[in-house]
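Structure file coords-v1.cif (mmCIF, C-alpha atoms) is printed below.
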```cif
data_input
#
loop_
_atom_site.label_atom_id
_atom_site.label_comp_id
_atom_site.auth_asym_id
_atom_site.auth_seq_id
_atom_site.Cartn_x
_atom_site.Cartn_y
_atom_site.Cartn_z
CA MET A 1 0.00 0.00 0.00
CA THR A 2 1.40 3.40 -0.98
CA PRO A 3 2.02 6.14 1.62
CA GLU A 4 -0.67 8.29 -0.08
CA MET A 5 -3.28 5.54 0.25
CA LYS A 6 -2.41 4.96 3.91
CA GLY A 7 -2.61 8.71 4.54
CA PHE A 8 -6.02 8.86 2.85
CA LEU A 9 -7.31 5.97 4.99
CA LEU A 10 -6.00 7.52 8.22
CA LEU A 11 -7.58 10.90 7.48
CA THR A 12 -10.87 9.23 6.53
CA VAL A 13 -10.95 7.27 9.80
CA LEU A 14 -10.22 10.46 11.78
CA LYS A 15 -13.06 12.31 10.02
CA LEU A 16 -15.36 9.34 10.58
CA LEU A 17 -14.62 9.28 14.32
CA PHE A 18 -15.11 13.05 14.52
CA ILE A 19 -18.49 12.98 12.74
CA PHE A 20 -19.72 9.94 14.68
CA THR A 21 -18.76 11.53 18.01
CA VAL A 22 -20.32 14.87 17.11
CA VAL A 23 -23.56 13.25 15.94
CA MET A 24 -23.94 10.96 18.96
CA VAL A 25 -23.07 13.64 21.52
CA GLY A 26 -25.00 16.25 19.58
CA VAL A 27 -28.14 14.10 19.43
CA ALA A 28 -28.02 13.70 23.22
CA LEU A 29 -27.65 17.46 23.66
CA LEU A 30 -30.46 18.12 21.19
CA THR A 31 -32.89 16.41 23.56
CA LEU A 32 -31.85 18.95 26.20
CA MET A 33 -32.06 21.77 23.67
CA GLU A 34 -35.60 20.79 22.69
CA ARG A 35 -36.73 20.75 26.32
CA LYS A 36 -35.09 24.12 26.92
CA VAL A 37 -36.63 25.62 23.77
CA SER A 38 -40.09 24.35 24.69
CA ALA A 39 -39.67 25.70 28.23
CA TRP A 40 -38.60 29.09 26.86
CA MET A 41 -41.62 29.22 24.53
CA GLN A 42 -43.98 28.24 27.38
CA ASN A 43 -42.38 30.52 29.98
CA ARG A 44 -40.98 27.62 32.03
CA LEU A 45 -37.49 26.79 33.29
CA GLY A 46 -37.01 23.36 31.76
CA PRO A 47 -34.48 20.81 33.11
CA ASN A 48 -32.27 22.54 35.69
CA ARG A 49 -31.51 19.97 38.39
CA VAL A 50 -28.83 17.65 36.93
CA GLY A 51 -25.58 19.56 36.48
CA TYR A 52 -25.17 23.28 35.92
CA GLY A 53 -28.31 24.54 34.19
CA GLY A 54 -29.39 20.95 33.52
CA LEU A 55 -26.45 20.23 31.18
CA LEU A 56 -26.04 16.69 32.53
CA GLN A 57 -29.71 15.79 31.97
CA PRO A 58 -28.93 13.86 28.72
CA ALA A 59 -26.32 11.79 30.62
CA ALA A 60 -28.89 11.03 33.33
CA ASP A 61 -31.48 10.04 30.73
CA GLY A 62 -28.97 7.79 28.96
CA LEU A 63 -27.95 6.11 32.21
CA LYS A 64 -31.60 5.59 33.11
CA ASN A 65 -32.33 3.90 29.77
CA ILE A 66 -29.24 1.69 30.03
CA LEU A 67 -30.23 0.48 33.51
CA LYS A 68 -33.95 0.24 32.80
CA GLU A 69 -35.61 -3.15 32.47
CA GLU A 70 -36.19 -4.39 28.93
CA THR A 71 -39.80 -5.37 28.31
CA PHE A 72 -40.67 -7.98 25.71
CA PRO A 73 -44.31 -8.59 24.70
CA ALA A 74 -45.26 -12.22 25.02
CA GLU A 75 -46.73 -12.49 21.50
CA ALA A 76 -44.12 -10.34 19.71
CA ASN A 77 -41.88 -11.69 16.98
CA PRO A 78 -38.57 -12.03 18.87
CA VAL A 79 -36.17 -11.55 15.94
CA LEU A 80 -37.90 -8.66 14.18
CA PHE A 81 -38.81 -6.95 17.46
CA THR A 82 -35.11 -6.91 18.38
CA ILE A 83 -33.60 -5.80 15.08
CA ALA A 84 -36.24 -3.16 14.20
CA PRO A 85 -34.63 -0.39 16.31
CA ALA A 86 -31.27 -1.10 14.65
CA LEU A 87 -32.85 -0.89 11.19
CA ALA A 88 -34.09 2.60 12.05
CA PHE A 89 -30.90 3.63 13.89
CA ILE A 90 -28.14 2.56 11.46
CA PRO A 91 -29.33 4.39 8.29
CA ALA A 92 -29.84 7.58 10.31
CA LEU A 93 -26.20 7.54 11.44
CA MET A 94 -24.87 6.85 7.92
CA LEU A 95 -26.35 9.99 6.38
CA SER A 96 -24.06 12.56 8.00
CA ALA A 97 -21.01 10.98 6.37
CA VAL A 98 -21.62 12.52 2.93
CA ILE A 99 -22.38 16.17 3.82
CA PRO A 100 -19.40 18.62 3.69
CA PHE A 101 -19.10 20.58 6.93
CA ALA A 102 -16.22 22.98 6.09
CA ALA A 103 -14.00 24.22 3.29
CA PRO A 104 -11.31 21.77 2.11
CA LEU A 105 -8.14 21.84 4.22
CA PRO A 106 -4.85 21.88 2.23
CA ILE A 107 -2.45 19.20 3.52
CA ASN A 108 0.96 18.71 1.93
CA SER A 109 3.06 16.22 3.81
CA ASP A 110 5.54 13.60 2.69
CA ASP A 111 5.65 11.94 6.13
CA PHE A 112 2.92 12.34 8.78
CA GLY A 113 5.15 10.88 11.49
CA ARG A 114 8.00 13.31 10.88
CA ASP A 115 5.65 16.32 10.73
CA LEU A 116 3.88 15.19 13.90
CA GLY A 117 7.22 14.94 15.69
CA HIS A 118 8.08 18.51 14.67
CA TRP A 119 5.17 19.72 16.81
CA PHE A 120 7.17 18.78 19.93
CA ALA A 121 10.53 20.16 18.78
CA TRP A 122 9.97 23.55 20.48
CA ILE A 123 10.03 22.07 24.02
CA PRO A 124 13.31 23.18 25.68
CA GLY A 125 15.77 20.44 26.55
CA ILE A 126 13.83 17.41 25.30
CA GLY A 127 12.29 18.79 22.09
CA ALA A 128 14.75 17.11 19.72
CA TRP A 129 14.47 13.79 21.56
CA LEU A 130 10.65 13.93 21.53
CA ASP A 131 10.71 14.80 17.84
CA GLN A 132 12.60 11.60 17.05
CA GLN A 133 10.63 9.39 19.46
CA VAL A 134 7.20 10.52 18.25
CA ALA A 135 8.22 10.04 14.60
CA ALA A 136 9.68 6.60 15.36
CA ALA A 137 6.55 5.51 17.27
CA PHE A 138 4.26 6.72 14.48
CA HIS A 139 6.34 4.87 11.87
CA PHE A 140 6.31 1.70 13.98
CA VAL A 141 2.50 1.71 14.29
CA PHE A 142 1.37 3.14 10.94
CA GLY A 143 4.42 3.26 8.70
CA VAL A 144 5.08 6.16 6.35
CA MET A 145 1.94 8.11 5.43
CA ALA A 146 1.63 11.06 3.06
CA HIS A 147 -1.01 13.37 1.61
CA HIS A 148 -0.81 16.11 -1.01
CA GLY A 149 -3.56 18.54 -1.95
CA PRO A 150 -6.82 19.73 -0.38
CA MET A 151 -8.58 17.34 1.98
CA PRO A 152 -12.39 17.51 1.60
CA MET A 153 -14.01 18.06 5.00
CA VAL A 154 -16.45 15.23 4.50
CA VAL A 155 -16.09 11.57 5.39
CA ALA A 156 -17.06 10.34 1.92
CA ASP A 157 -17.27 12.83 -0.92
CA VAL A 158 -19.44 10.52 -3.00
CA PRO A 159 -20.37 11.64 -6.54
CA VAL A 160 -24.01 10.59 -6.06
CA GLY A 161 -24.48 13.22 -3.33
CA PHE A 162 -28.07 13.70 -2.24
CA LEU A 163 -29.16 10.56 -4.10
CA PHE A 164 -27.25 8.58 -1.45
CA ILE A 165 -29.18 10.35 1.31
CA LEU A 166 -32.53 9.78 -0.39
CA ALA A 167 -31.72 6.09 -0.91
CA ILE A 168 -30.28 5.30 2.53
CA GLY A 169 -32.71 7.58 4.38
CA SER A 170 -35.67 5.72 2.89
CA LEU A 171 -34.41 2.48 4.47
CA GLY A 172 -35.40 3.77 7.91
CA VAL A 173 -39.05 3.09 7.11
CA TYR A 174 -38.33 -0.66 7.30
CA GLY A 175 -37.32 -0.37 10.95
CA ILE A 176 -40.43 1.63 11.81
CA ALA A 177 -42.81 -0.63 9.90
CA LEU A 178 -41.24 -3.80 11.34
CA ALA A 179 -41.38 -2.35 14.86
CA GLY A 180 -45.12 -1.82 14.50
CA TRP A 181 -45.77 -5.25 12.99
CA ALA A 182 -43.44 -7.27 15.22
CA SER A 183 -44.94 -5.82 18.42
CA ASN A 184 -48.21 -7.70 17.74
CA SER A 185 -50.14 -4.69 19.05
CA LYS A 186 -52.97 -2.87 17.28
CA TYR A 187 -51.70 0.57 18.29
CA SER A 188 -48.15 -0.24 17.20
CA LEU A 189 -49.34 -1.74 13.91
CA LEU A 190 -51.43 1.33 13.08
CA GLY A 191 -48.48 3.56 13.91
CA GLY A 192 -46.17 1.53 11.69
CA LEU A 193 -48.64 1.60 8.79
CA ARG A 194 -49.08 5.33 9.17
CA ALA A 195 -45.33 5.87 9.23
CA ALA A 196 -44.79 3.72 6.12
CA ALA A 197 -47.50 5.51 4.15
CA GLN A 198 -46.30 8.94 5.28
CA LEU A 199 -42.63 8.34 4.55
CA VAL A 200 -43.29 6.83 1.12
CA SER A 201 -45.64 9.70 0.21
CA TYR A 202 -43.26 12.48 1.18
CA GLU A 203 -40.20 10.73 -0.26
CA VAL A 204 -41.81 11.42 -3.63
CA ALA A 205 -42.21 15.15 -2.93
CA LEU A 206 -38.73 15.30 -1.40
CA GLY A 207 -37.12 13.78 -4.47
CA LEU A 208 -39.12 15.89 -6.93
CA SER A 209 -38.19 19.09 -5.09
CA LEU A 210 -34.50 18.37 -5.75
CA ILE A 211 -34.84 17.88 -9.50
CA PRO A 212 -34.68 21.67 -10.18
CA VAL A 213 -31.37 21.68 -8.27
CA LEU A 214 -30.11 18.99 -10.64
CA LEU A 215 -31.36 20.99 -13.65
CA LEU A 216 -29.53 24.07 -12.45
CA THR A 217 -26.22 22.43 -11.52
CA GLY A 218 -26.10 19.31 -13.69
CA ASP A 219 -24.67 17.47 -10.68
CA VAL A 220 -25.91 15.80 -7.49
CA SER A 221 -22.63 16.08 -5.57
CA PHE A 222 -22.85 18.32 -2.51
CA SER A 223 -19.42 19.81 -3.24
CA ARG A 224 -20.45 20.84 -6.74
CA ILE A 225 -23.77 22.23 -5.49
CA ILE A 226 -21.88 24.43 -3.00
CA THR A 227 -19.52 25.58 -5.79
CA PHE A 228 -22.45 26.60 -8.02
CA GLN A 229 -23.95 28.64 -5.17
CA GLN A 230 -20.61 30.38 -4.64
CA GLN A 231 -20.60 31.41 -8.31
CA GLY A 232 -24.10 32.88 -8.14
CA LEU A 233 -26.80 33.02 -5.48
CA TRP A 234 -27.81 30.65 -2.72
CA PHE A 235 -30.47 28.38 -4.21
CA VAL A 236 -33.12 29.51 -1.70
CA LEU A 237 -33.63 32.54 -3.98
CA PRO A 238 -33.71 31.08 -7.51
CA LEU A 239 -35.37 27.84 -6.34
CA PHE A 240 -37.61 29.08 -3.54
CA LEU A 241 -40.49 26.75 -4.37
CA SER A 242 -38.15 23.74 -4.21
CA PHE A 243 -36.90 24.97 -0.86
CA PHE A 244 -40.44 25.30 0.51
CA VAL A 245 -41.50 21.81 -0.63
CA PHE A 246 -38.25 20.28 0.64
CA LEU A 247 -38.63 21.98 4.03
CA VAL A 248 -42.20 20.80 4.60
CA SER A 249 -41.44 17.31 3.28
CA GLY A 250 -38.46 17.19 5.64
CA PHE A 251 -40.81 17.70 8.58
CA ALA A 252 -42.93 14.78 7.37
CA GLU A 253 -39.87 12.60 6.77
CA THR A 254 -38.67 13.08 10.36
CA ASN A 255 -42.13 12.45 11.89
CA ARG A 256 -42.05 15.84 13.58
CA LEU A 257 -45.04 18.02 14.37
CA PRO A 258 -47.24 18.92 12.65
CA PHE A 259 -46.66 15.57 10.88
CA ASP A 260 -46.18 13.20 13.84
CA LEU A 261 -49.25 11.11 13.03
CA PRO A 262 -47.37 7.77 13.40
CA GLU A 263 -46.92 8.44 17.13
CA ALA A 264 -49.99 10.53 17.89
CA GLU A 265 -50.39 10.21 21.68
CA SER A 266 -54.09 11.08 21.67
CA GLU A 267 -54.87 8.28 19.21
CA LEU A 268 -52.14 5.59 19.31
CA ILE A 269 -50.56 5.89 22.80
CA ALA A 270 -47.02 6.16 21.34
CA GLY A 271 -47.46 4.66 17.89
CA TYR A 272 -44.99 2.15 16.49
CA HIS A 273 -42.74 2.16 19.58
CA THR A 274 -45.53 1.67 22.14
CA GLU A 275 -44.18 -1.73 23.27
CA TYR A 276 -40.51 -0.67 23.41
CA SER A 277 -38.56 0.39 26.49
CA ALA A 278 -35.01 1.09 27.70
CA MET A 279 -32.32 1.38 25.00
CA LYS A 280 -34.47 -0.05 22.22
CA PHE A 281 -36.84 2.85 22.81
CA SER A 282 -33.88 5.26 22.84
CA PHE A 283 -32.67 4.01 19.45
CA PHE A 284 -35.85 5.32 17.81
CA PHE A 285 -35.36 8.74 19.38
CA ILE A 286 -31.68 8.84 18.42
CA ALA A 287 -32.69 8.00 14.84
CA GLU A 288 -35.34 10.75 14.85
CA TYR A 289 -32.94 13.44 16.05
CA ALA A 290 -30.20 12.21 13.70
CA ASN A 291 -32.66 12.57 10.83
CA VAL A 292 -33.49 16.10 12.01
CA VAL A 293 -29.76 16.91 11.88
CA THR A 294 -29.50 15.42 8.38
CA ILE A 295 -32.50 17.31 7.00
CA SER A 296 -31.25 20.56 8.58
CA ALA A 297 -27.77 19.97 7.13
CA MET A 298 -29.26 19.29 3.68
CA ILE A 299 -31.30 22.51 3.81
CA ALA A 300 -28.19 24.45 4.83
CA THR A 301 -26.08 22.79 2.11
CA ILE A 302 -28.45 22.69 -0.86
CA PHE A 303 -30.30 25.97 -0.39
CA PHE A 304 -28.09 28.14 1.85
CA GLY A 305 -24.61 27.59 0.45
CA GLY A 306 -23.39 24.96 2.94
CA TRP A 307 -20.12 26.12 4.45
CA ASP A 308 -20.01 29.15 2.13
CA ILE A 309 -19.40 32.39 4.05
CA PRO A 310 -21.42 35.39 2.80
CA PHE A 311 -19.29 38.05 1.06
CA VAL A 312 -16.12 35.98 1.61
CA ALA A 313 -14.28 34.13 -1.15
CA ILE A 314 -12.04 31.21 -0.22
CA GLY A 315 -9.36 30.58 -2.82
CA THR A 316 -11.45 31.46 -5.89
CA ALA A 317 -13.21 34.66 -6.93
CA LYS A 318 -16.97 34.91 -6.52
CA PRO A 319 -19.60 37.64 -6.99
CA TRP A 320 -20.44 39.81 -3.98
CA ALA A 321 -17.10 38.95 -2.32
CA VAL A 322 -15.73 41.66 -0.02
CA ILE A 323 -12.96 39.59 1.59
CA THR A 324 -10.76 36.91 0.02
CA LEU A 325 -9.19 34.20 2.19
CA GLU A 326 -6.48 31.82 1.11
CA PRO A 327 -7.28 28.11 1.64
CA GLY A 328 -5.88 27.03 4.97
CA LEU A 329 -6.67 26.22 8.57
CA LEU A 330 -8.27 29.63 9.26
CA ALA A 331 -10.58 29.43 6.25
CA THR A 332 -11.56 25.86 7.16
CA LEU A 333 -12.34 26.78 10.78
CA LEU A 334 -14.37 29.86 9.81
CA SER A 335 -16.36 27.96 7.19
CA GLY A 336 -17.01 25.16 9.70
CA ILE A 337 -18.34 27.70 12.22
CA VAL A 338 -20.62 29.25 9.58
CA PHE A 339 -21.97 25.82 8.58
CA PHE A 340 -22.59 24.97 12.25
CA ALA A 341 -24.50 28.24 12.72
CA LYS A 342 -26.72 27.50 9.70
CA LEU A 343 -27.28 23.96 10.93
CA MET A 344 -28.27 25.07 14.44
CA PHE A 345 -30.67 27.68 13.07
CA TRP A 346 -32.61 25.07 11.12
CA ILE A 347 -32.59 22.64 14.03
CA PHE A 348 -34.03 25.43 16.19
CA PHE A 349 -36.59 26.13 13.45
CA VAL A 350 -37.73 22.49 13.53
CA MET A 351 -38.17 22.69 17.31
CA TRP A 352 -39.90 26.06 17.04
CA ILE A 353 -42.48 24.65 14.62
CA ARG A 354 -43.10 21.65 16.89
CA TRP A 355 -44.16 23.87 19.77
CA THR A 356 -46.15 26.28 17.57
CA LEU A 357 -48.40 24.34 15.17
CA PRO A 358 -51.06 21.74 16.00
CA ARG A 359 -51.09 18.25 14.51
CA PHE A 360 -52.67 17.70 11.10
CA ARG A 361 -55.43 15.20 10.52
CA TYR A 362 -54.23 12.12 8.65
CA ASP A 363 -56.35 12.86 5.57
CA GLN A 364 -54.89 16.41 5.48
CA LEU A 365 -51.39 14.96 5.72
CA MET A 366 -51.86 12.62 2.76
CA ALA A 367 -53.78 15.18 0.69
CA LEU A 368 -50.98 17.73 1.12
CA GLY A 369 -48.40 15.28 -0.19
CA TRP A 370 -50.29 13.74 -3.10
CA LYS A 371 -52.81 16.43 -4.16
CA PHE A 372 -50.70 19.56 -3.60
CA PHE A 373 -46.97 18.90 -3.47
CA MET A 374 -46.81 16.39 -6.31
CA PRO A 375 -48.62 18.48 -8.97
CA VAL A 376 -46.89 21.67 -7.79
CA THR A 377 -43.40 20.15 -8.01
CA LEU A 378 -44.09 18.50 -11.38
CA GLY A 379 -45.34 21.79 -12.78
CA TYR A 380 -42.39 23.64 -11.27
CA ILE A 381 -39.90 21.21 -12.87
CA MET A 382 -41.41 21.84 -16.30
CA LEU A 383 -41.47 25.59 -15.72
CA VAL A 384 -37.79 25.65 -14.68
CA CYS A 385 -36.89 23.67 -17.82
CA VAL A 386 -38.75 26.19 -20.01
CA VAL A 387 -37.15 29.19 -18.27
CA LEU A 388 -33.63 27.73 -18.51
CA TYR A 389 -34.13 26.97 -22.20
CA ALA A 390 -35.55 30.43 -22.89
CA ALA A 391 -32.74 32.11 -20.94
CA GLU A 392 -30.13 30.19 -22.93
CA ARG A 393 -31.80 31.11 -26.23
CA ALA A 394 -31.91 34.76 -25.12
CA GLY A 395 -28.17 34.80 -24.53
CA VAL A 396 -28.14 34.52 -20.73
CA ARG A 397 -24.96 32.52 -20.18
CA GLY A 398 -23.44 33.24 -16.76
CA THR A 399 -24.37 31.42 -13.57
CA LEU A 400 -25.24 34.63 -11.73
CA GLN A 401 -27.43 35.91 -14.57
CA THR A 402 -29.32 32.61 -14.72
CA HIS A 403 -29.86 32.69 -10.95
CA LEU A 404 -31.22 36.25 -11.16
CA VAL A 405 -33.72 35.21 -13.85
CA LEU A 406 -34.92 32.28 -11.74
CA THR A 407 -35.12 34.54 -8.67
CA GLY A 408 -37.57 36.75 -10.55
CA LEU A 409 -39.57 33.63 -11.39
CA SER A 410 -39.53 32.61 -7.71
CA VAL A 411 -40.96 35.99 -6.67
CA VAL A 412 -43.81 35.68 -9.18
CA LEU A 413 -44.58 32.09 -8.17
CA ALA A 414 -44.49 32.93 -4.44
CA ILE A 415 -47.03 35.74 -4.99
CA LEU A 416 -49.27 33.52 -7.10
CA LEU A 417 -49.07 30.50 -4.81
CA PHE A 418 -49.28 32.09 -1.37
CA LEU A 419 -51.29 35.26 -1.99
CA VAL A 420 -53.51 34.59 -5.01
CA LEU A 421 -54.16 30.86 -5.45
CA ASP A 422 -54.14 30.06 -1.75
CA ARG A 423 -56.63 32.84 -0.88
CA GLY A 424 -55.96 32.48 2.83
CA LEU A 425 -56.67 28.76 3.12
CA ILE A 426 -53.11 28.05 4.33
CA LEU A 427 -51.60 31.35 5.39
CA GLY A 428 -54.81 32.82 6.79
CA GLY A 429 -55.77 29.72 8.77
CA SER A 430 -59.20 28.79 10.06
CA ALA A 431 -60.14 32.41 10.89
CA VAL A 432 -60.43 33.24 7.20
CA ARG A 433 -62.55 30.16 6.56
CA ARG A 434 -64.86 30.98 9.47
CA ALA A 435 -65.26 34.55 8.28
CA ARG A 436 -66.02 33.34 4.77
CA ALA A 437 -68.56 30.80 6.06
CA ALA A 438 -70.23 33.47 8.23
CA ALA A 439 -70.47 35.83 5.24
CA MET A 440 -71.99 33.05 3.16
CA ARG A 441 -74.60 32.28 5.85
CA GLN A 442 -75.44 35.97 6.13
CA ALA A 443 -75.93 36.17 2.38
CA GLN A 444 -78.19 33.11 2.46
CA ARG A 445 -80.32 34.64 5.25
CA LEU A 446 -80.66 37.89 3.33
CA ALA A 447 -81.64 35.98 0.20
CA ALA A 448 -84.22 33.94 2.14
CA SER A 449 -85.72 37.00 3.83
CA SER A 450 -86.09 38.82 0.55
#
```
Once more with this new file: its structure as structure tokens, please.
Amino acid sequence: MTPEMKGFLLLTVLKLLFIFTVVMVGVALLTLMERKVSAWMQNRLGPNRVGYGGLLQPAADGLKNILKEETFPAEANPVLFTIAPALAFIPALMLSAVIPFAAPLPINSDDFGRDLGHWFAWIPGIGAWLDQQVAAAFHFVFGVMAHHGPMPMVVADVPVGFLFILAIGSLGVYGIALAGWASNSKYSLLGGLRAAAQLVSYEVALGLSLIPVLLLTGDVSFSRIITFQQQGLWFVLPLFLSFFVFLVSGFAETNRLPFDLPEAESELIAGYHTEYSAMKFSFFFIAEYANVVTISAMIATIFFGGWDIPFVAIGTAKPWAVITLEPGLLATLLSGIVFFAKLMFWIFFVMWIRWTLPRFRYDQLMALGWKFFMPVTLGYIMLVCVVLYAAERAGVRGTLQTHLVLTGLSVVLAILLFLVLDRGLILGGSAVRRARAAAMRQAQRLAASS
């Protein structure tokens, strides 16, 4: 094996351990964040007993679930009941491996061991000795490793990009459906069926909403999508309708309010995981929060530039740039901080919506996916194709110019969809419908009296 290949494998393993640790620890802290956000919105304190400000509450919850007794329904299918949580948990953890979280870091080293030893050379008296010993120990364990060029800050920079997430993310429905069926419980079975129908329905809308991104970039790789946004505008502007459909479908995909019908407490006790307890129960919640992180990261990457810093160019020129940074450790750290800020905003947005909107009825949920999102996205795909063709025929060649044309289209469509066609049925809420019904009754009374 060449030194370059060994260096690539070592860096990949380090990135994998970093992402896995961040996701697992982050998911635990997100449970605390959700409880704190809900307490803030309801004018409560939230968890504040375990550790300073309740920071150790996730550790206490984890310890409780580890030590808690495992229940096993007498009539449940033993094999499927046991593996169902893993089938929901494993795909959720795989998804974060393909999303870039910072700008590429340039690494040019002929020998990792020798360069690592140089970090200790400054220590007075023993620096030279430590330099040699660290290099020798590294060579003994790993051999000679090298790397030349930029290192993508992603575990696996796969060329299939968001297609990988759509494919692997859809596997989670098997764990949920099997959990409901294997429990041999009516409530669990209904929850599993609801989850399967909901996830399949909104997978269609989720996939269709990303086709305009493919039309605009000609690529499904996250790295290329970020590059195209750096050359023009963030896709939330030229592809606003795709962003809206993707955002709402993401809520349905993660079983979050107002789309948490598979685990509706007022109807199904707890839905598909009614019969689960202890760590098996925790696996479903870890998978749910991991999916929330993935959807939030995809929104930040596909529609908000990913790790791109507004008005800052890293390495290459871009429109609207005020500052230019050379690729390096500083640029990578700053871009990672910006991506984390975008990610946390959308995670907070998901929690905000949960504690703001009521739950949909199941028929409303399915009608929204099949009767509204599907025809809207299909029509939008055709419209984007026509606009791109017309723009090319009119001589609009640059990326920025094309994005500006599509932004104008997005403004027109947003006005038509939300202010004209909707006529208050969605944005206005039930108050508009009640007022309209009252006006209609008044008109009928006047007509009858005359």
Could you work out an axis-aligned box for stretch 234-238 of chain A, taking every atom the file lists and adding 3 Å on each side, and report centre and edge lengths in Å to one decimal, as JSON?
```
{"center_x": -30.8, "center_y": 30.5, "center_z": -4.6, "size_x": 11.9, "size_y": 10.2, "size_z": 11.8}
```
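Distances to A:Asp115 were evaluated for A:Tyr174, A:Phe283, A:Trp370, A:Phe138 using all atoms listed in the file, and the minimum falls at A:Phe138.
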>> Need to verify the contact set: A:Pro150, 12 Å, only C-alpha atoms, exclusion of same-chain residues closer than 5 positions in sequence. Can you return it as a PyMOL selection string?
In response: chain A and resi 8+11+102-109+315+327-329+332
Specify as a short mmCIF file (atom, residue, chain, number, x, y, z; two decimals) with C-alpha atoms, in the frame of the given file each residue included when the PyMOL selection byres ((chain A and resi 261-278) around 10) is applied to this file.
```cif
data_model
loop_
_atom_site.label_atom_id
_atom_site.label_comp_id
_atom_site.auth_asym_id
_atom_site.auth_seq_id
_atom_site.Cartn_x
_atom_site.Cartn_y
_atom_site.Cartn_z
CA GLY A 62 -28.97 7.79 28.96
CA LEU A 63 -27.95 6.11 32.21
CA LYS A 64 -31.60 5.59 33.11
CA ASN A 65 -32.33 3.90 29.77
CA ILE A 66 -29.24 1.69 30.03
CA LEU A 67 -30.23 0.48 33.51
CA LYS A 68 -33.95 0.24 32.80
CA GLU A 69 -35.61 -3.15 32.47
CA GLU A 70 -36.19 -4.39 28.93
CA THR A 71 -39.80 -5.37 28.31
CA PHE A 72 -40.67 -7.98 25.71
CA PRO A 73 -44.31 -8.59 24.70
CA ALA A 76 -44.12 -10.34 19.71
CA PHE A 81 -38.81 -6.95 17.46
CA THR A 82 -35.11 -6.91 18.38
CA ALA A 84 -36.24 -3.16 14.20
CA PRO A 85 -34.63 -0.39 16.31
CA GLY A 175 -37.32 -0.37 10.95
CA ILE A 176 -40.43 1.63 11.81
CA ALA A 177 -42.81 -0.63 9.90
CA LEU A 178 -41.24 -3.80 11.34
CA ALA A 179 -41.38 -2.35 14.86
CA GLY A 180 -45.12 -1.82 14.50
CA TRP A 181 -45.77 -5.25 12.99
CA ALA A 182 -43.44 -7.27 15.22
CA SER A 183 -44.94 -5.82 18.42
CA ASN A 184 -48.21 -7.70 17.74
CA SER A 185 -50.14 -4.69 19.05
CA LYS A 186 -52.97 -2.87 17.28
CA TYR A 187 -51.70 0.57 18.29
CA SER A 188 -48.15 -0.24 17.20
CA LEU A 189 -49.34 -1.74 13.91
CA LEU A 190 -51.43 1.33 13.08
CA GLY A 191 -48.48 3.56 13.91
CA GLY A 192 -46.17 1.53 11.69
CA LEU A 193 -48.64 1.60 8.79
CA ARG A 194 -49.08 5.33 9.17
CA ALA A 195 -45.33 5.87 9.23
CA ALA A 196 -44.79 3.72 6.12
CA ALA A 197 -47.50 5.51 4.15
CA GLN A 198 -46.30 8.94 5.28
CA ALA A 252 -42.93 14.78 7.37
CA ASN A 255 -42.13 12.45 11.89
CA ARG A 256 -42.05 15.84 13.58
CA LEU A 257 -45.04 18.02 14.37
CA PRO A 258 -47.24 18.92 12.65
CA PHE A 259 -46.66 15.57 10.88
CA ASP A 260 -46.18 13.20 13.84
CA MET A 279 -32.32 1.38 25.00
CA LYS A 280 -34.47 -0.05 22.22
CA PHE A 281 -36.84 2.85 22.81
CA SER A 282 -33.88 5.26 22.84
CA PHE A 283 -32.67 4.01 19.45
CA PHE A 284 -35.85 5.32 17.81
CA PHE A 285 -35.36 8.74 19.38
CA ARG A 359 -51.09 18.25 14.51
CA PHE A 360 -52.67 17.70 11.10
CA ARG A 361 -55.43 15.20 10.52
CA TYR A 362 -54.23 12.12 8.65
CA LEU A 365 -51.39 14.96 5.72
#
```
> In Å, how far is it from atom CA of A:Pro58 to atom CA of A:Leu45?
Replying inline: 16.2 Å
Closest atom pairs, stretch 320-348 of chain A residues within 10 Å of stretch 289-305 of chain A, all atoms listed in the file, as a tab-separated table:
```
residue	atom	partner	partner_atom	distance
A:Phe339	CA	A:Ala300	CA	7.4
A:Phe340	CA	A:Ala297	CA	8.8
A:Ala341	CA	A:Ala300	CA	9.5
A:Lys342	CA	A:Ala300	CA	5.9
A:Leu343	CA	A:Ala297	CA	5.5
A:Met344	CA	A:Ser296	CA	8.0
A:Phe345	CA	A:Ser296	CA	8.4
A:Trp346	CA	A:Ser296	CA	5.4
A:Ile347	CA	A:Ser296	CA	6.0
A:Phe348	CA	A:Ser296	CA	9.5
```
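The two atoms in question, atom CA of A:Val173 and atom CA of A:Ser209, are spaced 20.1 Å apart.
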> For this file, the PyMOL selection byres ((chain A and resi 155-167) around 9) selects which residues, as a PyMOL selection string?
Replying inline: chain A and resi 11-16+19+94-100+152-154+168-171+203+206-207+210+219-223+294+298
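Using all atoms listed in the file, the shortest contact distance between A:Phe142 and any of A:Ser201, A:Leu80, A:Lys6, A:Phe235 is found at A:Lys6.
Computed from the coordinates, the atom CA of A:Gly53 to atom CA of A:Ile353 distance equals 24.2 Å.
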>> Given the point (-46.9, 16.7, -11.9) in the file's coordinates, find the residues that have an atom at most 12 Å from it, counting all atoms listed in the file, and give them as JSON, numbers by chain.
In response: {"A": [204, 205, 208, 209, 369, 370, 371, 372, 373, 374, 375, 376, 377, 378, 379, 380, 381, 382, 383]}
Find the spatial neighbours of A:Ile323, counting all atoms listed in the file, within a cut-off of 8 Å - ignore same-chain residues fewer than 6 positions away - and output them as a PDB file with C-alpha atoms, in the coordinates of the input.
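Once everything was written out, this is selection07.pdb:
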```
ATOM      1  CA  PHE A 311     -19.290  38.050   1.060  1.00  0.00           C
ATOM      2  CA  VAL A 312     -16.120  35.980   1.610  1.00  0.00           C
ATOM      3  CA  ALA A 313     -14.280  34.130  -1.150  1.00  0.00           C
TER       4      ALA A 313
END
```
